[in-house]
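Novice: Just so it is clear, I am handing over coords_18.tsv, which has TSV, C-alpha atoms.
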chain	number	residue	atom	x	y	z
M	1	MET	CA	5.21	-5.49	-22.03
M	2	THR	CA	3.59	-2.42	-23.57
M	3	GLU	CA	4.47	1.12	-22.53
M	4	HIS	CA	0.94	1.53	-21.11
M	5	TYR	CA	1.43	-1.31	-18.63
M	6	GLN	CA	4.91	-0.05	-17.75
M	7	THR	CA	3.41	3.34	-16.89
M	8	ILE	CA	0.74	1.69	-14.71
M	9	ILE	CA	3.39	-0.30	-12.83
M	10	ARG	CA	5.61	2.75	-12.37
M	11	ASP	CA	2.71	4.87	-11.12
M	12	GLY	CA	1.52	2.27	-8.62
M	13	LEU	CA	4.90	1.43	-7.14
M	14	TRP	CA	6.52	4.85	-7.12
M	15	LYS	CA	5.37	7.83	-9.16
M	16	ASN	CA	1.76	7.88	-7.92
M	17	ASN	CA	2.04	5.66	-4.84
M	18	PRO	CA	-1.19	6.07	-2.83
M	19	ALA	CA	0.65	6.30	0.50
M	20	LEU	CA	3.55	8.54	-0.52
M	21	VAL	CA	2.14	10.76	-3.27
M	22	GLN	CA	-1.65	10.68	-3.05
M	23	LEU	CA	-1.43	10.41	0.77
M	24	LEU	CA	-4.63	8.35	0.85
M	25	GLY	CA	-5.58	5.64	3.32
M	26	LEU	CA	-3.37	7.10	6.02
M	27	CYS	CA	-5.66	6.18	8.92
M	28	PRO	CA	-5.14	2.37	8.69
M	29	LEU	CA	-1.59	2.85	7.45
M	30	LEU	CA	-0.58	4.77	10.57
M	31	ALA	CA	-2.74	2.78	12.97
M	32	VAL	CA	-1.65	-0.80	12.27
M	33	SER	CA	1.90	-0.39	10.99
M	34	ASN	CA	3.53	-0.98	14.39
M	35	THR	CA	4.90	-4.37	13.25
M	36	VAL	CA	5.80	-5.97	9.92
M	37	VAL	CA	3.17	-8.71	10.31
M	38	ASN	CA	0.33	-6.31	11.06
M	39	GLY	CA	1.28	-4.12	8.11
M	40	LEU	CA	1.57	-7.11	5.80
M	41	GLY	CA	-1.80	-8.49	6.90
M	42	LEU	CA	-3.66	-5.27	6.20
M	43	GLY	CA	-1.65	-4.74	3.02
M	44	LEU	CA	-2.61	-8.11	1.56
M	45	ALA	CA	-6.27	-7.43	2.36
M	46	THR	CA	-5.96	-4.08	0.59
M	47	ILE	CA	-4.32	-5.67	-2.47
M	48	LEU	CA	-7.13	-8.22	-2.78
M	49	THR	CA	-9.73	-5.47	-2.43
M	50	LEU	CA	-8.08	-3.22	-5.04
M	51	VAL	CA	-7.63	-6.00	-7.59
M	52	ALA	CA	-11.14	-7.42	-7.18
M	53	SER	CA	-12.90	-4.03	-7.08
M	54	ASN	CA	-10.97	-2.67	-10.06
M	55	GLY	CA	-11.72	-5.81	-12.06
M	56	LEU	CA	-15.45	-5.80	-11.29
M	57	VAL	CA	-15.87	-2.05	-11.84
M	58	SER	CA	-14.08	-2.30	-15.18
M	59	LEU	CA	-16.11	-5.37	-16.18
M	60	PHE	CA	-19.45	-3.68	-15.51
M	61	ARG	CA	-18.46	-0.10	-16.30
M	62	HIS	CA	-20.73	0.13	-19.37
M	63	HIS	CA	-23.73	-1.07	-17.35
M	64	ILE	CA	-23.42	1.37	-14.44
M	65	PRO	CA	-25.30	4.68	-14.92
M	66	ASP	CA	-23.27	7.80	-14.17
M	67	GLU	CA	-25.68	9.08	-11.53
M	68	ALA	CA	-25.35	5.84	-9.51
M	69	ARG	CA	-21.71	4.99	-10.07
M	70	LEU	CA	-20.33	5.97	-6.64
M	71	PRO	CA	-22.98	4.05	-4.63
M	72	VAL	CA	-22.43	1.05	-6.91
M	73	PHE	CA	-18.65	1.29	-6.46
M	74	VAL	CA	-19.05	1.39	-2.68
M	75	MET	CA	-21.39	-1.62	-2.75
M	76	ILE	CA	-18.89	-3.60	-4.83
M	77	ILE	CA	-16.02	-2.68	-2.50
M	78	ALA	CA	-18.09	-3.40	0.61
M	79	SER	CA	-19.04	-6.85	-0.70
M	80	ILE	CA	-15.41	-7.71	-1.39
M	81	VAL	CA	-14.25	-6.44	2.00
M	82	THR	CA	-16.97	-8.46	3.75
M	83	VAL	CA	-15.70	-11.65	2.10
M	84	ILE	CA	-12.12	-10.80	3.09
M	85	GLU	CA	-13.14	-9.95	6.65
M	86	LEU	CA	-15.06	-13.21	7.13
M	87	SER	CA	-12.17	-15.18	5.61
M	88	MET	CA	-9.64	-13.57	7.94
M	89	ASN	CA	-11.92	-14.21	10.90
M	90	ALA	CA	-12.07	-17.88	9.93
M	91	TRP	CA	-8.42	-18.57	9.06
M	92	PHE	CA	-6.41	-15.79	10.73
M	93	HIS	CA	-8.56	-15.11	13.78
M	94	GLU	CA	-5.87	-13.70	16.09
M	95	LEU	CA	-4.56	-11.35	13.38
M	96	TYR	CA	-8.17	-10.43	12.62
M	97	LEU	CA	-8.66	-9.42	16.26
M	98	ILE	CA	-5.50	-7.30	16.23
M	99	LEU	CA	-6.39	-5.45	13.02
M	100	GLY	CA	-9.93	-5.03	14.33
M	101	ILE	CA	-12.01	-2.21	12.88
M	102	PHE	CA	-9.39	-1.37	10.26
M	103	ILE	CA	-10.39	-4.34	8.09
M	104	PRO	CA	-14.00	-3.19	7.51
M	105	LEU	CA	-12.69	0.39	7.25
M	106	ILE	CA	-11.00	-0.64	3.99
M	107	VAL	CA	-14.41	0.12	2.47
M	108	THR	CA	-13.89	3.81	3.24
M	109	ASN	CA	-10.30	3.89	1.98
M	110	CYS	CA	-10.21	6.76	-0.52
M	111	ALA	CA	-7.39	5.07	-2.45
M	112	ILE	CA	-9.67	2.17	-3.41
M	113	THR	CA	-12.69	4.28	-4.33
M	114	GLY	CA	-10.40	6.69	-6.15
M	115	ARG	CA	-8.89	3.97	-8.34
M	116	ALA	CA	-12.34	2.63	-9.16
M	117	GLU	CA	-13.49	6.11	-10.20
M	118	ALA	CA	-10.31	7.42	-11.83
M	119	PHE	CA	-9.03	4.31	-13.60
M	120	ALA	CA	-11.13	1.14	-13.50
M	121	ALA	CA	-14.31	2.87	-14.69
M	122	ARG	CA	-12.43	4.20	-17.73
M	123	ASN	CA	-10.24	1.27	-18.79
M	124	PRO	CA	-10.54	-2.40	-19.87
M	125	VAL	CA	-10.28	-5.23	-17.38
M	126	GLY	CA	-6.61	-6.08	-18.02
M	127	PRO	CA	-5.14	-2.65	-17.27
M	128	ALA	CA	-7.61	-2.20	-14.38
M	129	LEU	CA	-6.41	-5.43	-12.73
M	130	VAL	CA	-2.76	-4.44	-13.15
M	131	ASP	CA	-3.48	-0.97	-11.77
M	132	GLY	CA	-5.19	-2.43	-8.70
M	133	LEU	CA	-2.33	-4.88	-8.15
M	134	MET	CA	0.41	-2.24	-8.48
M	135	MET	CA	-1.38	0.32	-6.32
M	136	GLY	CA	-1.94	-2.37	-3.71
M	137	ILE	CA	1.68	-3.52	-3.78
M	138	GLY	CA	2.86	0.09	-3.52
M	139	PHE	CA	0.60	0.69	-0.51
M	140	THR	CA	1.61	-2.61	1.11
M	141	ALA	CA	5.32	-1.89	0.60
M	142	ILE	CA	4.99	1.31	2.63
M	143	LEU	CA	2.96	-0.51	5.31
M	144	VAL	CA	5.68	-3.15	5.64
M	145	LEU	CA	8.56	-0.65	5.50
M	146	LEU	CA	6.95	1.60	8.12
M	147	GLY	CA	6.10	-1.47	10.22
M	148	ALA	CA	9.72	-2.65	10.05
M	149	MET	CA	11.03	0.76	11.08
M	150	ARG	CA	8.64	1.07	14.00
M	151	GLU	CA	9.13	-2.52	15.16
M	152	ILE	CA	12.93	-2.25	15.17
M	153	ILE	CA	12.99	1.12	16.92
M	154	GLY	CA	10.05	0.35	19.19
M	155	GLN	CA	10.95	-3.15	20.41
M	156	GLY	CA	14.19	-4.16	18.71
M	157	THR	CA	12.73	-7.07	16.72
M	158	LEU	CA	11.55	-8.02	13.24
M	159	PHE	CA	8.74	-10.42	12.29
M	160	SER	CA	7.46	-10.77	15.83
M	161	GLU	CA	4.18	-12.71	16.01
M	162	ALA	CA	4.68	-14.01	12.47
M	163	HIS	CA	2.76	-17.13	13.53
M	164	LEU	CA	-0.46	-15.07	13.40
M	165	MET	CA	-0.20	-15.14	9.61
M	166	PHE	CA	2.05	-18.06	8.72
M	167	GLY	CA	1.23	-20.65	11.39
M	168	GLU	CA	2.98	-22.00	14.47
M	169	SER	CA	6.17	-22.92	12.59
M	170	ALA	CA	6.66	-19.20	11.87
M	171	ARG	CA	7.41	-18.46	15.53
M	172	TYR	CA	11.05	-19.02	14.56
M	173	PHE	CA	10.87	-16.18	12.02
M	174	LYS	CA	11.30	-13.64	14.80
M	175	VAL	CA	14.63	-11.82	14.59
M	176	ILE	CA	16.18	-10.07	17.58
M	177	VAL	CA	17.76	-7.01	15.98
M	178	ILE	CA	18.91	-5.36	19.23
M	179	ASP	CA	19.74	-7.54	22.25
M	180	ASP	CA	18.56	-6.47	25.71
M	181	TYR	CA	16.62	-3.60	24.20
M	182	ARG	CA	14.19	-1.84	26.52
M	183	GLY	CA	12.17	-0.42	23.65
M	184	PHE	CA	11.17	3.05	22.57
M	185	LEU	CA	7.45	3.49	23.19
M	186	MET	CA	6.91	6.55	20.99
M	187	ALA	CA	7.85	4.55	17.88
M	188	LEU	CA	4.89	2.24	18.54
M	189	LEU	CA	2.45	5.09	19.20
M	190	PRO	CA	0.72	7.33	16.59
M	191	PRO	CA	3.40	10.09	16.79
M	192	GLY	CA	6.01	7.52	15.79
M	193	ALA	CA	3.90	6.52	12.81
M	194	PHE	CA	3.61	10.14	11.63
M	195	ILE	CA	7.34	10.74	12.03
M	196	GLY	CA	8.23	7.50	10.25
M	197	LEU	CA	5.92	8.18	7.31
M	198	GLY	CA	7.23	11.74	7.09
M	199	LEU	CA	10.80	10.44	6.82
M	200	ILE	CA	9.83	7.99	4.08
M	201	VAL	CA	8.01	10.72	2.11
M	202	ALA	CA	11.00	13.02	2.53
M	203	LEU	CA	13.36	10.30	1.28
M	204	LYS	CA	11.19	9.77	-1.80
M	205	ASN	CA	11.16	13.50	-2.52
M	206	VAL	CA	14.96	13.65	-2.25
M	207	ILE	CA	15.35	10.72	-4.65
M	208	ASP	CA	12.89	12.29	-7.11
M	209	ALA	CA	14.68	15.66	-6.92
M	210	LYS	CA	18.04	14.04	-7.61
M	211	GLN	CA	16.55	12.14	-10.53
M	212	VAL	CA	15.12	15.36	-12.01
M	213	THR	CA	18.48	17.14	-11.59
M	214	LYS	CA	20.29	14.24	-13.25
M	215	THR	CA	17.83	14.26	-16.17
M	216	VAL	CA	18.21	18.02	-16.65
M	217	GLN	CA	22.01	17.78	-16.57
M	218	THR	CA	21.92	14.96	-19.12
M	219	THR	CA	19.57	16.94	-21.37
M	220	VAL	CA	21.76	20.05	-21.18
M	221	ALA	CA	24.96	18.08	-21.78
M	222	SER	CA	23.64	16.19	-24.81
M	223	PRO	CA	23.56	19.19	-27.25
M	224	ALA	CA	27.07	20.16	-26.17
M	225	ILE	CA	28.34	16.68	-26.95
M	226	VAL	CA	26.66	16.76	-30.37
M	227	GLU	CA	28.19	20.16	-31.18
M	228	ASN	CA	31.70	18.99	-30.23
M	229	GLN	CA	31.36	16.00	-32.51
Go ahead and render the structure in this file as structure tokens.

Specialist:
Amino acid sequence: MTEHYQTIIRDGLWKNNPALVQLLGLCPLLAVSNTVVNGLGLGLATILTLVASNGLVSLFRHHIPDEARLPVFVMIIASIVTVIELSMNAWFHELYLILGIFIPLIVTNCAITGRAEAFAARNPVGPALVDGLMMGIGFTAILVLLGAMREIIGQGTLFSEAHLMFGESARYFKVIVIDDYRGFLMALLPPGAFIGLGLIVALKNVIDAKQVTKTVQTTVASPAIVENQ
């Protein structure tokens, strides 16, 4: 794997994660991440949208005039989201009803338009597809992590209502994390989402700061080791 692709993967999953660093697409992220299944459902729809829109924008980038590029990008994204929305309505109807307006609102997600403008319109199809996939996985990972946190704290379970996505046999996926738990309502409400996301962002910043400190210490120690030798 080339260094270019490694950088794209690193940026999407961690260094330039749209939810933790760019802080884009927070409205659906905070609104539907009250359970793991809801977060995963919206996350998968976002991944499909990012990959498809990045690929199409990159494929036609030389045929789109500069003065019309943003309207064209929005039309491409809207077409993809419409297909995804109709598909979810057909095959995952109950989950579609729960996610509601936040599926069509993917069209207005700044993270998707931003990747089309900042990356896909300037790179070949291969890197554009990988960028869309990694950005989507990074965004979905935060959706699922935040959903898990809120679901455990809010109702003491994991993977509740998994049958909405995986079929009736998935009813057994539900895990009771805390027995006889009365729940904590604030975790399931918007304030809980803000607090949870803030904690995740803070954790990332701490990890990054420690990594920078470790790198600096290694860099400073290396000349000393060479001199002693």

Novice: Restrict the calculation to only C-alpha atoms, then for each residue of segment 136-211 of chain M with any atom at most 12 Å from an atom of segment 97-110 of chain M give the closest atom pair and their distance in Å to one decimal, rows by chain and rising residue number, as a tab-separated table.

Specialist:
residue	atom	partner	partner_atom	distance
M:Gly136	CA	M:Asn109	CA	11.9
M:Phe139	CA	M:Asn109	CA	11.6
M:Glu161	CA	M:Ile98	CA	11.1
M:Leu164	CA	M:Ile98	CA	9.7
M:Met165	CA	M:Ile98	CA	11.5

Novice: Interatomic distance between atom CA of Val21 of chain M and atom CA of Ile80 of chain M?

Specialist: 25.5 Å

Novice: Which residue gives the smallest distance to Leu13 of chain M among M:Leu133, M:Lys174, M:Val220, M:Lys210, with only C-alpha atoms counted?

Specialist: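 Looking only at the distances to Leu13 of chain M, the closest residue turns out to be M:Leu133.
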
Novice: What is the distance between atom CA of Tyr96 of chain M and atom CA of Ala111 of chain M, in Å to one decimal?

Specialist: 21.6 Å

Novice: For a test of reading the model, state the distance in Å between atom CA of Pro191 of chain M and atom CA of Gln155 of chain M, rounded to one decimal.

Specialist: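 Computing it gives 15.7 Å between the two atoms.
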
Novice: Nearest to Val177 of chain M: which of M:Gln211, M:Thr157, M:Thr140, M:Thr82 is it, counting all atoms listed in the file?

Specialist: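 That would be M:Thr157, the residue with the smallest distance to Val177 of chain M.
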